[in-house]
$ cat upload30.csv   # CSV, C-alpha atoms
chain,number,residue,atom,x,y,z
L,1,MET,CA,0.0,0.0,0.0
L,2,SER,CA,1.5,3.3,-1.1
L,3,LEU,CA,-0.4,5.4,1.4
L,4,ASP,CA,0.6,5.3,5.1
L,5,TYR,CA,-2.9,4.3,6.2
L,6,ARG,CA,-1.6,2.8,9.5
L,7,THR,CA,-0.4,6.3,10.7
L,8,ILE,CA,-3.6,7.8,9.4
L,9,LYS,CA,-5.7,5.2,11.3
L,10,GLU,CA,-4.1,6.2,14.6
L,11,GLU,CA,-5.8,9.6,14.3
L,12,PHE,CA,-9.3,8.1,14.5
L,13,PRO,CA,-10.1,7.4,18.1
L,14,ILE,CA,-13.1,5.2,17.4
L,15,LEU,CA,-11.0,2.8,15.4
L,16,ARG,CA,-9.1,2.0,18.6
L,17,THR,CA,-12.3,0.8,20.3
L,18,GLN,CA,-13.9,-2.7,20.3
L,19,MET,CA,-17.2,-4.0,19.0
L,20,ASN,CA,-18.7,-7.0,20.8
L,21,GLY,CA,-15.3,-7.5,22.5
L,22,LYS,CA,-13.3,-7.6,19.3
L,23,PRO,CA,-11.3,-4.9,17.5
L,24,LEU,CA,-13.6,-2.7,15.4
L,25,VAL,CA,-13.3,-3.2,11.6
L,26,PHE,CA,-15.2,-0.4,10.1
L,27,LEU,CA,-16.4,-1.0,6.6
L,28,ASP,CA,-19.3,1.3,6.2
L,29,SER,CA,-17.7,4.6,5.2
L,30,ALA,CA,-20.1,4.9,2.2
L,31,ALA,CA,-22.8,5.6,4.7
L,32,SER,CA,-20.7,7.9,6.9
L,33,SER,CA,-17.0,8.1,7.5
L,34,GLN,CA,-15.3,8.2,10.8
L,35,LYS,CA,-13.7,11.5,12.1
L,36,PRO,CA,-10.1,12.2,13.0
L,37,GLN,CA,-9.3,13.6,16.4
L,38,ARG,CA,-8.4,17.0,14.8
L,39,VAL,CA,-12.0,17.3,13.5
L,40,ILE,CA,-13.5,16.3,16.8
L,41,ASP,CA,-11.3,18.8,18.6
L,42,ALA,CA,-12.3,21.6,16.2
L,43,PHE,CA,-16.0,20.9,16.8
L,44,SER,CA,-15.7,20.9,20.6
L,45,ASP,CA,-13.2,23.9,20.5
L,46,TYR,CA,-15.8,26.0,18.8
L,47,TYR,CA,-18.3,25.5,21.6
L,48,ARG,CA,-15.6,25.9,24.3
L,49,CYS,CA,-14.0,29.0,23.0
L,50,ARG,CA,-15.8,30.7,20.1
L,51,ASN,CA,-19.5,29.9,20.4
L,52,ALA,CA,-21.6,32.8,19.0
L,53,ASN,CA,-24.1,33.4,16.3
L,54,ILE,CA,-22.7,34.6,12.9
L,55,HIS,CA,-23.3,37.6,10.8
L,56,ARG,CA,-25.3,39.4,13.5
L,57,GLY,CA,-23.4,40.1,16.7
L,58,ALA,CA,-21.5,43.4,17.2
L,59,TYR,CA,-18.9,41.8,19.3
L,60,ARG,CA,-15.6,39.9,18.9
L,61,LEU,CA,-16.9,36.3,19.5
L,62,SER,CA,-19.4,36.8,16.7
L,63,TYR,CA,-16.8,38.3,14.4
L,64,GLU,CA,-14.5,35.3,15.0
L,65,ALA,CA,-17.3,32.7,14.5
L,66,THR,CA,-18.3,34.5,11.3
L,67,ASP,CA,-14.7,34.5,10.0
L,68,LEU,CA,-14.3,30.8,10.7
L,69,TYR,CA,-17.6,30.0,9.0
L,70,ASP,CA,-16.7,32.0,5.9
L,71,GLN,CA,-13.2,30.5,5.8
L,72,THR,CA,-14.8,27.1,5.4
L,73,ARG,CA,-16.8,28.4,2.4
L,74,ARG,CA,-13.5,29.5,0.8
L,75,ARG,CA,-12.0,26.1,1.5
L,76,ILE,CA,-14.8,24.1,-0.1
L,77,ALA,CA,-14.8,26.4,-3.1
L,78,ARG,CA,-11.1,25.6,-3.6
L,79,PHE,CA,-11.7,21.9,-3.0
L,80,LEU,CA,-14.4,21.8,-5.7
L,81,GLY,CA,-12.6,24.1,-8.2
L,82,ALA,CA,-15.3,26.8,-7.8
L,83,ALA,CA,-14.1,30.3,-8.7
L,84,GLU,CA,-16.5,32.1,-6.4
L,85,PRO,CA,-17.0,31.0,-2.8
L,86,GLU,CA,-20.5,32.7,-2.9
L,87,THR,CA,-21.7,29.9,-5.2
L,88,CYS,CA,-21.2,27.3,-2.5
L,89,ILE,CA,-24.3,27.1,-0.3
L,90,PHE,CA,-24.3,25.4,3.1
L,91,THR,CA,-27.2,23.0,3.7
L,92,ARG,CA,-27.7,20.1,6.1
L,93,ASN,CA,-26.7,17.3,3.7
L,94,THR,CA,-26.7,16.2,0.1
L,95,THR,CA,-30.4,15.3,0.4
L,96,GLU,CA,-31.3,18.9,1.3
L,97,SER,CA,-29.1,20.3,-1.4
L,98,ILE,CA,-30.9,18.3,-4.0
L,99,ASN,CA,-34.3,19.2,-2.6
L,100,LEU,CA,-33.3,22.8,-2.7
L,101,VAL,CA,-32.7,22.6,-6.4
L,102,ALA,CA,-35.8,20.5,-7.0
L,103,SER,CA,-38.0,23.1,-5.3
L,104,ALA,CA,-36.4,26.5,-5.9
L,105,TRP,CA,-35.2,25.7,-9.4
L,106,GLY,CA,-37.6,23.0,-10.4
L,107,ASP,CA,-40.9,24.7,-9.5
L,108,THR,CA,-39.8,27.7,-11.6
L,109,ASN,CA,-38.4,25.9,-14.6
L,110,VAL,CA,-40.3,22.6,-15.0
L,111,GLY,CA,-43.8,22.5,-16.3
L,112,GLU,CA,-46.4,20.1,-17.5
L,113,GLY,CA,-45.1,17.7,-20.1
L,114,ASP,CA,-41.5,18.5,-19.4
L,115,GLU,CA,-39.0,15.7,-18.7
L,116,ILE,CA,-36.6,15.0,-15.9
L,117,VAL,CA,-33.8,12.5,-16.6
L,118,VAL,CA,-32.5,10.2,-13.8
L,119,SER,CA,-31.5,6.5,-13.6
L,120,GLU,CA,-32.5,3.4,-11.7
L,121,LEU,CA,-29.1,3.4,-10.0
L,122,GLU,CA,-29.7,6.7,-8.2
L,123,HIS,CA,-29.8,7.0,-4.5
L,124,HIS,CA,-33.4,7.7,-3.3
L,125,SER,CA,-32.2,11.3,-2.4
L,126,ASN,CA,-31.6,11.8,-6.1
L,127,LEU,CA,-34.9,10.2,-7.1
L,128,VAL,CA,-37.6,11.1,-4.7
L,129,PRO,CA,-37.2,14.9,-4.9
L,130,TRP,CA,-37.6,14.6,-8.7
L,131,MET,CA,-40.6,12.3,-8.4
L,132,MET,CA,-42.2,14.9,-6.1
L,133,LEU,CA,-41.4,17.7,-8.6
L,134,ALA,CA,-42.9,15.7,-11.4
L,135,GLN,CA,-46.0,15.1,-9.4
L,136,ARG,CA,-46.3,18.8,-8.6
L,137,ARG,CA,-45.7,20.1,-12.1
L,138,GLY,CA,-47.1,17.3,-14.3
L,139,ALA,CA,-43.7,16.4,-15.6
L,140,LYS,CA,-42.4,13.0,-16.6
L,141,LEU,CA,-39.3,11.0,-15.4
L,142,ARG,CA,-37.1,9.3,-17.9
L,143,HIS,CA,-34.3,6.9,-17.0
L,144,ILE,CA,-30.8,6.6,-18.5
L,145,PRO,CA,-30.3,3.0,-19.6
L,146,LEU,CA,-27.7,1.1,-17.7
L,147,THR,CA,-25.1,-1.3,-18.9
L,148,ASP,CA,-25.0,-4.8,-17.5
L,149,ASP,CA,-22.1,-3.9,-15.2
L,150,GLY,CA,-23.9,-0.9,-13.7
L,151,HIS,CA,-22.7,2.1,-15.6
L,152,TYR,CA,-24.7,4.7,-17.6
L,153,ASP,CA,-25.0,3.5,-21.2
L,154,TYR,CA,-23.6,6.5,-23.0
L,155,ASP,CA,-24.4,4.9,-26.4
L,156,ARG,CA,-28.1,5.1,-25.5
L,157,LEU,CA,-28.0,8.5,-23.6
L,158,ASP,CA,-29.6,10.3,-26.6
L,159,GLU,CA,-32.7,8.0,-26.2
L,160,VAL,CA,-33.7,9.9,-23.1
L,161,LEU,CA,-32.7,13.4,-24.1
L,162,SER,CA,-35.2,15.5,-25.9
L,163,PRO,CA,-36.2,19.2,-26.4
L,164,ARG,CA,-38.5,18.7,-23.4
L,165,THR,CA,-35.6,17.6,-21.1
L,166,ARG,CA,-35.3,20.3,-18.4
L,167,ILE,CA,-32.8,18.7,-16.0
L,168,VAL,CA,-30.5,15.6,-15.9
L,169,ALA,CA,-29.8,14.5,-12.3
L,170,VAL,CA,-27.0,12.0,-12.1
L,171,GLN,CA,-24.6,10.5,-9.6
L,172,HIS,CA,-20.8,10.9,-9.7
L,173,MET,CA,-20.2,7.5,-8.1
L,174,SER,CA,-22.7,4.8,-7.1
L,175,ASN,CA,-23.1,4.0,-3.4
L,176,VAL,CA,-24.2,0.4,-4.3
L,177,LEU,CA,-21.7,-0.7,-7.0
L,178,GLY,CA,-19.0,2.0,-6.7
L,179,SER,CA,-19.5,2.7,-10.5
L,180,ILE,CA,-17.7,5.9,-11.4
L,181,HIS,CA,-19.6,7.7,-14.1
L,182,ASP,CA,-18.3,10.0,-16.9
L,183,ILE,CA,-20.3,13.0,-15.6
L,184,LYS,CA,-18.3,15.4,-17.8
L,185,GLN,CA,-19.7,13.6,-20.9
L,186,VAL,CA,-23.2,13.4,-19.5
L,187,THR,CA,-23.1,17.2,-18.8
L,188,ALA,CA,-21.8,18.1,-22.2
L,189,ARG,CA,-24.5,16.0,-24.0
L,190,ALA,CA,-27.3,17.3,-21.6
L,191,HIS,CA,-26.2,20.9,-22.3
L,192,ALA,CA,-26.3,20.2,-26.0
L,193,ALA,CA,-29.9,19.2,-25.6
L,194,GLY,CA,-30.6,22.4,-23.6
L,195,ALA,CA,-30.9,20.7,-20.2
L,196,THR,CA,-29.6,21.7,-16.8
L,197,VAL,CA,-27.4,19.2,-14.9
L,198,LEU,CA,-27.2,18.3,-11.2
L,199,VAL,CA,-24.5,15.9,-10.0
L,200,ASP,CA,-25.1,14.0,-6.8
L,201,GLY,CA,-21.5,14.0,-5.4
L,202,ALA,CA,-22.2,12.4,-2.1
L,203,GLN,CA,-19.9,9.5,-2.9
L,204,GLY,CA,-17.8,11.3,-5.5
L,205,ALA,CA,-16.4,14.3,-3.5
L,206,CYS,CA,-14.9,12.1,-0.8
L,207,HIS,CA,-13.1,9.7,-3.1
L,208,LEU,CA,-12.4,11.4,-6.4
L,209,PRO,CA,-10.9,14.7,-7.6
L,210,VAL,CA,-13.7,17.2,-8.4
L,211,ASN,CA,-13.5,20.3,-10.5
L,212,VAL,CA,-16.9,21.8,-11.2
L,213,ALA,CA,-15.5,24.2,-13.7
L,214,ASP,CA,-14.0,21.4,-15.7
L,215,ILE,CA,-17.1,19.2,-15.4
L,216,ASP,CA,-19.3,22.3,-16.3
L,217,CYS,CA,-22.2,21.0,-14.2
L,218,ASP,CA,-24.8,23.5,-13.1
L,219,PHE,CA,-25.2,22.0,-9.6
L,220,TYR,CA,-23.0,19.7,-7.5
L,221,ALA,CA,-24.3,18.4,-4.1
L,222,LEU,CA,-22.3,16.7,-1.3
L,223,SER,CA,-22.1,16.0,2.4
L,224,ALA,CA,-19.4,16.6,5.0
L,225,HIS,CA,-20.1,13.5,7.0
L,226,LYS,CA,-18.9,11.2,4.2
L,227,MET,CA,-15.6,13.0,4.0
L,228,LEU,CA,-14.3,13.0,7.6
L,229,GLY,CA,-16.4,16.0,8.6
L,230,PRO,CA,-19.4,16.3,11.0
L,231,THR,CA,-23.0,15.3,10.3
L,232,GLY,CA,-25.5,18.0,9.6
L,233,VAL,CA,-23.4,19.9,7.0
L,234,GLY,CA,-24.0,19.7,3.2
L,235,VAL,CA,-22.9,21.8,0.3
L,236,LEU,CA,-24.6,22.8,-2.9
L,237,TYR,CA,-22.5,24.3,-5.6
L,238,GLY,CA,-24.4,26.1,-8.3
L,239,LYS,CA,-23.5,28.4,-11.2
L,240,ARG,CA,-24.0,32.0,-10.1
L,241,LYS,CA,-26.3,33.0,-12.9
L,242,ILE,CA,-28.6,30.1,-12.1
L,243,LEU,CA,-28.6,30.6,-8.3
L,244,GLU,CA,-29.4,34.2,-8.7
L,245,SER,CA,-32.3,33.4,-10.9
L,246,MET,CA,-33.8,31.0,-8.3
L,247,PRO,CA,-36.3,32.1,-5.6
L,248,PRO,CA,-35.3,31.4,-2.0
L,249,PHE,CA,-35.8,27.9,-0.7
L,250,LEU,CA,-36.6,28.8,3.0
L,251,GLY,CA,-37.6,32.1,4.5
L,252,GLY,CA,-36.5,33.7,7.7
L,253,GLY,CA,-33.5,35.2,9.4
L,254,ASP,CA,-30.3,35.9,7.5
L,255,MET,CA,-31.7,35.3,4.0
L,256,ILE,CA,-33.2,38.7,3.7
L,257,LEU,CA,-31.8,42.1,2.6
L,258,THR,CA,-34.9,44.1,3.7
L,259,VAL,CA,-38.4,43.3,5.0
L,260,SER,CA,-41.5,45.6,5.0
L,261,ARG,CA,-45.0,44.9,6.2
L,262,ASP,CA,-46.0,43.1,3.1
L,263,SER,CA,-42.9,42.1,1.2
L,264,PHE,CA,-39.2,41.3,1.4
L,265,GLU,CA,-36.1,41.4,-0.7
L,266,PRO,CA,-33.7,38.4,-0.5
L,267,ALA,CA,-30.1,38.9,0.4
L,268,PRO,CA,-27.4,38.3,-2.2
L,269,LEU,CA,-25.7,34.9,-2.5
L,270,PRO,CA,-24.9,32.8,-0.5
L,271,ALA,CA,-27.1,34.2,2.3
L,272,LYS,CA,-30.2,34.0,0.1
L,273,PHE,CA,-30.3,30.2,0.6
L,274,GLU,CA,-29.1,30.0,4.2
L,275,ALA,CA,-32.1,30.9,6.3
L,276,GLY,CA,-31.8,30.7,10.0
L,277,THR,CA,-28.9,29.8,12.3
L,278,PRO,CA,-26.8,27.2,10.5
L,279,ASN,CA,-24.7,24.3,12.0
L,280,ILE,CA,-21.8,26.7,12.7
L,281,ALA,CA,-19.7,24.3,14.7
L,282,GLY,CA,-20.1,21.6,12.0
L,283,VAL,CA,-19.1,24.0,9.3
L,284,VAL,CA,-16.1,25.2,11.2
L,285,ALA,CA,-14.9,21.6,11.9
L,286,TYR,CA,-15.5,20.7,8.2
L,287,ALA,CA,-12.7,23.1,7.2
L,288,ILE,CA,-10.3,20.9,9.2
L,289,ALA,CA,-11.6,17.8,7.5
L,290,LEU,CA,-11.0,19.5,4.1
L,291,ASP,CA,-7.5,20.6,5.0
L,292,TYR,CA,-6.8,17.0,6.1
L,293,LEU,CA,-8.0,15.5,2.9
L,294,GLU,CA,-6.1,18.0,0.8
L,295,LYS,CA,-2.9,17.2,2.9
L,296,ILE,CA,-3.2,13.5,2.1
L,297,GLY,CA,-4.3,14.2,-1.4
L,298,ILE,CA,-7.6,12.9,-3.0
L,299,GLU,CA,-5.6,11.3,-5.8
L,300,ASN,CA,-3.5,9.4,-3.2
L,301,ILE,CA,-6.7,8.3,-1.5
L,302,HIS,CA,-8.2,7.1,-4.7
L,303,ALA,CA,-5.1,5.2,-5.6
L,304,HIS,CA,-5.0,3.5,-2.1
L,305,GLU,CA,-8.7,2.6,-2.4
L,306,LYS,CA,-8.1,1.0,-5.9
L,307,GLU,CA,-5.5,-1.2,-4.4
L,308,LEU,CA,-7.9,-2.2,-1.6
L,309,LEU,CA,-10.7,-2.8,-4.0
L,310,ARG,CA,-8.6,-5.1,-6.2
L,311,TYR,CA,-7.5,-7.1,-3.1
L,312,ALA,CA,-11.0,-7.3,-1.8
L,313,VAL,CA,-12.5,-8.5,-5.0
L,314,ASP,CA,-9.7,-11.1,-5.5
L,315,GLU,CA,-10.2,-12.5,-2.0
L,316,LEU,CA,-14.0,-12.5,-2.0
L,317,GLU,CA,-14.1,-14.3,-5.3
L,318,ARG,CA,-12.3,-17.2,-3.7
L,319,ILE,CA,-15.1,-17.8,-1.2
L,320,PRO,CA,-17.7,-20.3,-2.4
L,321,GLY,CA,-21.2,-19.1,-2.8
L,322,ILE,CA,-20.3,-15.4,-2.9
L,323,THR,CA,-22.1,-13.3,-5.6
L,324,LEU,CA,-20.4,-10.0,-6.4
L,325,TYR,CA,-22.2,-7.1,-8.0
L,326,GLY,CA,-20.6,-4.4,-10.2
L,327,SER,CA,-18.1,-4.0,-13.0
L,328,ARG,CA,-15.1,-6.3,-13.3
L,329,ASN,CA,-13.3,-3.3,-14.7
L,330,LEU,CA,-12.0,-2.1,-11.4
L,331,GLU,CA,-10.5,1.0,-12.9
L,332,SER,CA,-14.1,2.3,-13.3
L,333,ARG,CA,-15.1,1.7,-9.7
L,334,GLY,CA,-14.6,3.2,-6.3
L,335,ALA,CA,-13.9,1.1,-3.2
L,336,VAL,CA,-17.4,-0.2,-2.7
L,337,VAL,CA,-18.1,-4.0,-2.8
L,338,SER,CA,-21.7,-5.3,-2.8
L,339,PHE,CA,-22.2,-9.0,-2.5
L,340,ASN,CA,-24.6,-11.8,-1.3
L,341,VAL,CA,-23.8,-15.1,0.3
L,342,ASP,CA,-25.9,-17.8,-1.3
L,343,ALA,CA,-29.4,-17.8,0.2
L,344,VAL,CA,-28.4,-16.0,3.4
L,345,HIS,CA,-30.3,-12.7,3.8
L,346,SER,CA,-28.0,-9.7,3.8
L,347,HIS,CA,-29.2,-8.6,7.3
L,348,ASP,CA,-28.2,-12.0,8.7
L,349,VAL,CA,-24.8,-11.6,7.0
L,350,GLY,CA,-24.5,-8.2,8.7
L,351,THR,CA,-25.5,-9.6,12.1
L,352,ILE,CA,-22.9,-12.3,12.1
L,353,LEU,CA,-20.2,-9.9,10.9
L,354,ASP,CA,-21.2,-7.6,13.7
L,355,GLU,CA,-20.6,-10.4,16.2
L,356,GLU,CA,-17.1,-10.5,14.8
L,357,GLY,CA,-16.6,-6.8,15.2
L,358,ILE,CA,-17.0,-6.0,11.6
L,359,ALA,CA,-19.4,-3.1,10.6
L,360,ILE,CA,-20.9,-3.3,7.1
L,361,ARG,CA,-24.1,-2.1,5.5
L,362,ALA,CA,-27.0,-4.5,4.6
L,363,GLY,CA,-30.2,-3.9,2.7
L,364,HIS,CA,-31.2,-2.0,-0.4
L,365,HIS,CA,-28.9,1.0,0.3
L,366,CYS,CA,-31.6,3.5,-0.5
L,367,CYS,CA,-31.6,2.2,-4.1
L,368,GLU,CA,-34.7,0.0,-4.3
L,369,PRO,CA,-35.4,0.5,-8.1
L,370,PHE,CA,-31.9,-0.9,-8.9
L,371,MET,CA,-32.4,-3.9,-6.5
L,372,ARG,CA,-35.7,-4.7,-8.2
L,373,LYS,CA,-34.0,-4.5,-11.5
L,374,CYS,CA,-31.5,-7.1,-10.3
L,375,GLY,CA,-34.2,-9.3,-8.9
L,376,ILE,CA,-32.9,-9.1,-5.3
L,377,SER,CA,-34.1,-7.5,-2.1
L,378,GLY,CA,-30.7,-6.1,-1.1
L,379,THR,CA,-27.0,-6.8,-0.7
L,380,ALA,CA,-24.3,-6.8,2.0
L,381,ARG,CA,-21.9,-3.9,1.3
L,382,ALA,CA,-18.4,-3.3,2.4
L,383,SER,CA,-16.9,0.2,1.7
L,384,PHE,CA,-13.4,1.4,2.3
L,385,TYR,CA,-11.7,4.7,3.0
L,386,VAL,CA,-8.4,6.2,3.9
L,387,TYR,CA,-8.1,4.4,7.2
L,388,ASN,CA,-8.6,0.9,5.9
L,389,GLY,CA,-6.0,-1.6,4.9
L,390,PRO,CA,-5.7,-5.2,3.6
L,391,GLU,CA,-6.0,-6.6,7.2
L,392,ASP,CA,-9.6,-5.2,7.2
L,393,VAL,CA,-10.3,-7.2,4.0
L,394,ASP,CA,-8.8,-10.3,5.7
L,395,ALA,CA,-11.1,-9.8,8.7
L,396,LEU,CA,-14.0,-9.5,6.3
L,397,VAL,CA,-13.1,-12.8,4.6
L,398,ARG,CA,-12.8,-14.6,8.0
L,399,GLY,CA,-16.1,-13.1,9.0
L,400,LEU,CA,-17.8,-14.4,5.8
L,401,GLN,CA,-16.3,-17.9,6.5
L,402,ARG,CA,-18.0,-17.6,9.9
L,403,VAL,CA,-21.3,-16.7,8.1
L,404,ARG,CA,-21.0,-19.9,6.0
L,405,GLU,CA,-20.4,-22.0,9.1
L,406,VAL,CA,-23.5,-20.6,10.9
L,407,PHE,CA,-25.7,-21.0,7.8
L,408,LYS,CA,-24.1,-24.1,6.4
L,409,SER,CA,-27.5,-25.7,5.8
L,410,VAL,CA,-28.3,-23.0,3.1
L,411,VAL,CA,-24.9,-22.3,1.6
L,412,ALA,CA,-23.2,-24.0,-1.3
L,413,HIS,CA,-20.4,-26.5,-0.6

$ encode --input "upload30.csv" --output "structure tokens"
Amino acid sequence: MSLDYRTIKEEFPILRTQMNGKPLVFLDSAASSQKPQRVIDAFSDYYRCRNANIHRGAYRLSYEATDLYDQTRRRIARFLGAAEPETCIFTRNTTESINLVASAWGDTNVGEGDEIVVSELEHHSNLVPWMMLAQRRGAKLRHIPLTDDGHYDYDRLDEVLSPRTRIVAVQHMSNVLGSIHDIKQVTARAHAAGATVLVDGAQGACHLPVNVADIDCDFYALSAHKMLGPTGVGVLYGKRKILESMPPFLGGGDMILTVSRDSFEPAPLPAKFEAGTPNIAGVVAYAIALDYLEKIGIENIHAHEKELLRYAVDELERIPGITLYGSRNLESRGAVVSFNVDAVHSHDVGTILDEEGIAIRAGHHCCEPFMRKCGISGTARASFYVYNGPEDVDALVRGLQRVREVFKSVVAH
């Protein structure tokens, strides 16, 4: 392994703990990553030393809190390759970011008979908001065809793009299969059809280099908690011209410029979309997570994860009765492995692994349409990050051998 993951792992206090009396092997970072001590310290330090509301107080603590909050906006803009920090809006999570676009942009720009393009591989958070918009506006959902190995079928993309396409909402990387999509190509072809593009970057931003200017997407949504940061912090990047054309998503404090008895004027970006007191401590701590990721290097993290993915797939394929899902072209995948063990339910697999101190995800992973397409109810999923190493894969293999022992009456021999 080229990346010094052992030294990195020492910075994560929870990874020194035990689960069910055994060393914790955490393989569910696709759901939410663990946090290094420096991020935990930044979060608690804010409340210990700098706690004050932002943009309002005429005193030093408020000025300091405001400065830290705004520094994080500048950091995330740099991380995403966004030229203007004001185009990065803080939300609670990726889900809220997508809902913001579906409501504030969608209700203004999508009408009866218009089309919204998604796919069956999308996370529910990049499906349900568009379903709700379609129901409100009388629009129609169209689905990008998928290849057999779980990528967008670019050869058939034009089948779902039409003059009525208003928005194409796609994922950067699949949380089920780890499929890495060519979102730059999707964006270019959607724009050629006159459509707006939103990218669900919940899995992409934590594992892959992102440059929104190069991608040329109109919106990019992500969450801090999947990239070593706190929960309750999301980001929506949007092109300035589009954001300025949208009405506010929520009304209240801090999103106004002026208010009279009967009307209001919204504040300029980014305050226009940040009504109410935000998760200040979370945003402040997120800056430390971003600095940490930049110090390690997203390219280094991705290379490390590719090595882990290759090792994991090789080892799991040796276990009888294991069905792996996703492309065998590992260069086009992130470090997510979904699998089933013969007739054993994924929740039972997760329960036995939990007894061995191994934390994985089990179920449909908020991707029911794709599971139905595959004819299964769900999968077990192991996902890796910067603090994992080959010994974690070895523990998973031993755990799955234990699953086969417990359920030997229903597994293949």

$ closest_residue --input "upload30.csv" --among "L:Ile280, L:Ala190, L:Thr72, L:Ser174" --to "Arg50 in chain L" --atoms "only C-alpha atoms"
L:Ile280

$ closest_residue --input "upload30.csv" --among "L:Asp182, L:Glu96, L:Glu112, L:Asp254" --to "Leu222 in chain L" --atoms "all atoms listed in the file"
L:Glu96

$ closest_residue --input "upload30.csv" --among "L:Val110, L:Ala83, L:Ala221, L:Val337" --to "Ala139 in chain L" --atoms "all atoms listed in the file"
L:Val110

$ atom_distance --input "upload30.csv" --atom1 "CA of Pro129 in chain L" --atom2 "CA of Ser245 in chain L"
20.1 Å

$ atom_distance --input "upload30.csv" --atom1 "CA of Asp348 in chain L" --atom2 "CA of Gly150 in chain L"
25.4 Å

$ atom_distance --input "upload30.csv" --atom1 "CA of Ile215 in chain L" --atom2 "CA of Arg310 in chain L"
27.3 Å

$ residues_near_point --input "upload30.csv" --point "(-36.2, 29.3, -12.9)" --cutoff "8 Å" --atoms "only C-alpha atoms" --output "list in words"
Ala104, Trp105, Gly106, Asp107, Thr108, Asn109, Ile242, Ser245, Met246 and Pro247 of chain L

$ closest_residue --input "upload30.csv" --among "L:His123, L:Ala362, L:Ala287, L:Val386" --to "Leu68 in chain L" --atoms "only C-alpha atoms"
L:Ala287

$ closest_residue --input "upload30.csv" --among "L:Lys295, L:Arg166, L:Arg78, L:Arg402" --to "Val117 in chain L" --atoms "all atoms listed in the file"
L:Arg166

$ closest_residue --input "upload30.csv" --among "L:Arg16, L:Gln203, L:Gly234, L:Arg38" --to "Asn99 in chain L" --atoms "all atoms listed in the file"
L:Gly234

$ residues_around --input "upload30.csv" --residues "His124 in chain L" --least-positions-apart "4" --cutoff "6 Å" --atoms "all atoms listed in the file" --output "MDAnalysis selection string"
chainID L and resid 128 366:367

$ closest_atom_pairs --input "upload30.csv" --of "range 317-343 of chain L" --to "range 299-307 of chain L" --cutoff "9 Å" --atoms "all atoms listed in the file" --output "JSON lines"
{"residue": "L:Leu330", "atom": "CA", "partner": "L:Lys306", "partner_atom": "CA", "distance": 7.4}
{"residue": "L:Glu331", "atom": "CA", "partner": "L:Lys306", "partner_atom": "CA", "distance": 7.4}
{"residue": "L:Arg333", "atom": "CA", "partner": "L:Lys306", "partner_atom": "CA", "distance": 8.0}
{"residue": "L:Gly334", "atom": "CA", "partner": "L:Lys306", "partner_atom": "CA", "distance": 6.9}
{"residue": "L:Ala335", "atom": "CA", "partner": "L:Glu305", "partner_atom": "CA", "distance": 5.5}

$ residues_around --input "upload30.csv" --residues "Thr187 in chain L" --least-positions-apart "4" --cutoff "7 Å" --atoms "all atoms listed in the file" --output "ChimeraX atom specification"
/L:183,191,197,216-217

$ residues_around --input "upload30.csv" --residues "Asp41 in chain L" --least-positions-apart "2" --cutoff "12 Å" --atoms "only C-alpha atoms" --output "PyMOL selection string"
chain L and resi 11-13+35-39+43-49+229-230+281-282+284-286+288-289

$ residues_around --input "upload30.csv" --residues "Leu177 in chain L" --least-positions-apart "3" --cutoff "12 Å" --atoms "all atoms listed in the file" --output "count of residues only"
41

$ decode --input "upload30.csv" --residues "range 267-298 of chain L" --atoms "C-alpha atoms" --output "short mmCIF file (atom, residue, chain, number, x, y, z; two decimals), in the first residue's frame"
data_model
loop_
_atom_site.label_atom_id
_atom_site.label_comp_id
_atom_site.auth_asym_id
_atom_site.auth_seq_id
_atom_site.Cartn_x
_atom_site.Cartn_y
_atom_site.Cartn_z
CA ALA L 267 -30.10 38.85 0.38
CA PRO L 268 -27.35 38.28 -2.20
CA LEU L 269 -25.66 34.90 -2.49
CA PRO L 270 -24.93 32.85 -0.49
CA ALA L 271 -27.15 34.16 2.33
CA LYS L 272 -30.21 33.97 0.06
CA PHE L 273 -30.29 30.18 0.57
CA GLU L 274 -29.08 29.98 4.16
CA ALA L 275 -32.08 30.94 6.27
CA GLY L 276 -31.80 30.65 10.05
CA THR L 277 -28.90 29.77 12.31
CA PRO L 278 -26.76 27.15 10.55
CA ASN L 279 -24.68 24.32 11.98
CA ILE L 280 -21.82 26.70 12.71
CA ALA L 281 -19.71 24.26 14.73
CA GLY L 282 -20.09 21.61 12.04
CA VAL L 283 -19.11 24.00 9.26
CA VAL L 284 -16.07 25.19 11.24
CA ALA L 285 -14.93 21.60 11.88
CA TYR L 286 -15.54 20.71 8.23
CA ALA L 287 -12.74 23.08 7.24
CA ILE L 288 -10.31 20.92 9.24
CA ALA L 289 -11.55 17.78 7.45
CA LEU L 290 -11.05 19.47 4.08
CA ASP L 291 -7.53 20.56 5.03
CA TYR L 292 -6.76 16.99 6.14
CA LEU L 293 -8.02 15.48 2.89
CA GLU L 294 -6.05 18.00 0.85
CA LYS L 295 -2.92 17.24 2.87
CA ILE L 296 -3.24 13.50 2.14
CA GLY L 297 -4.35 14.17 -1.44
CA ILE L 298 -7.57 12.94 -3.00
#
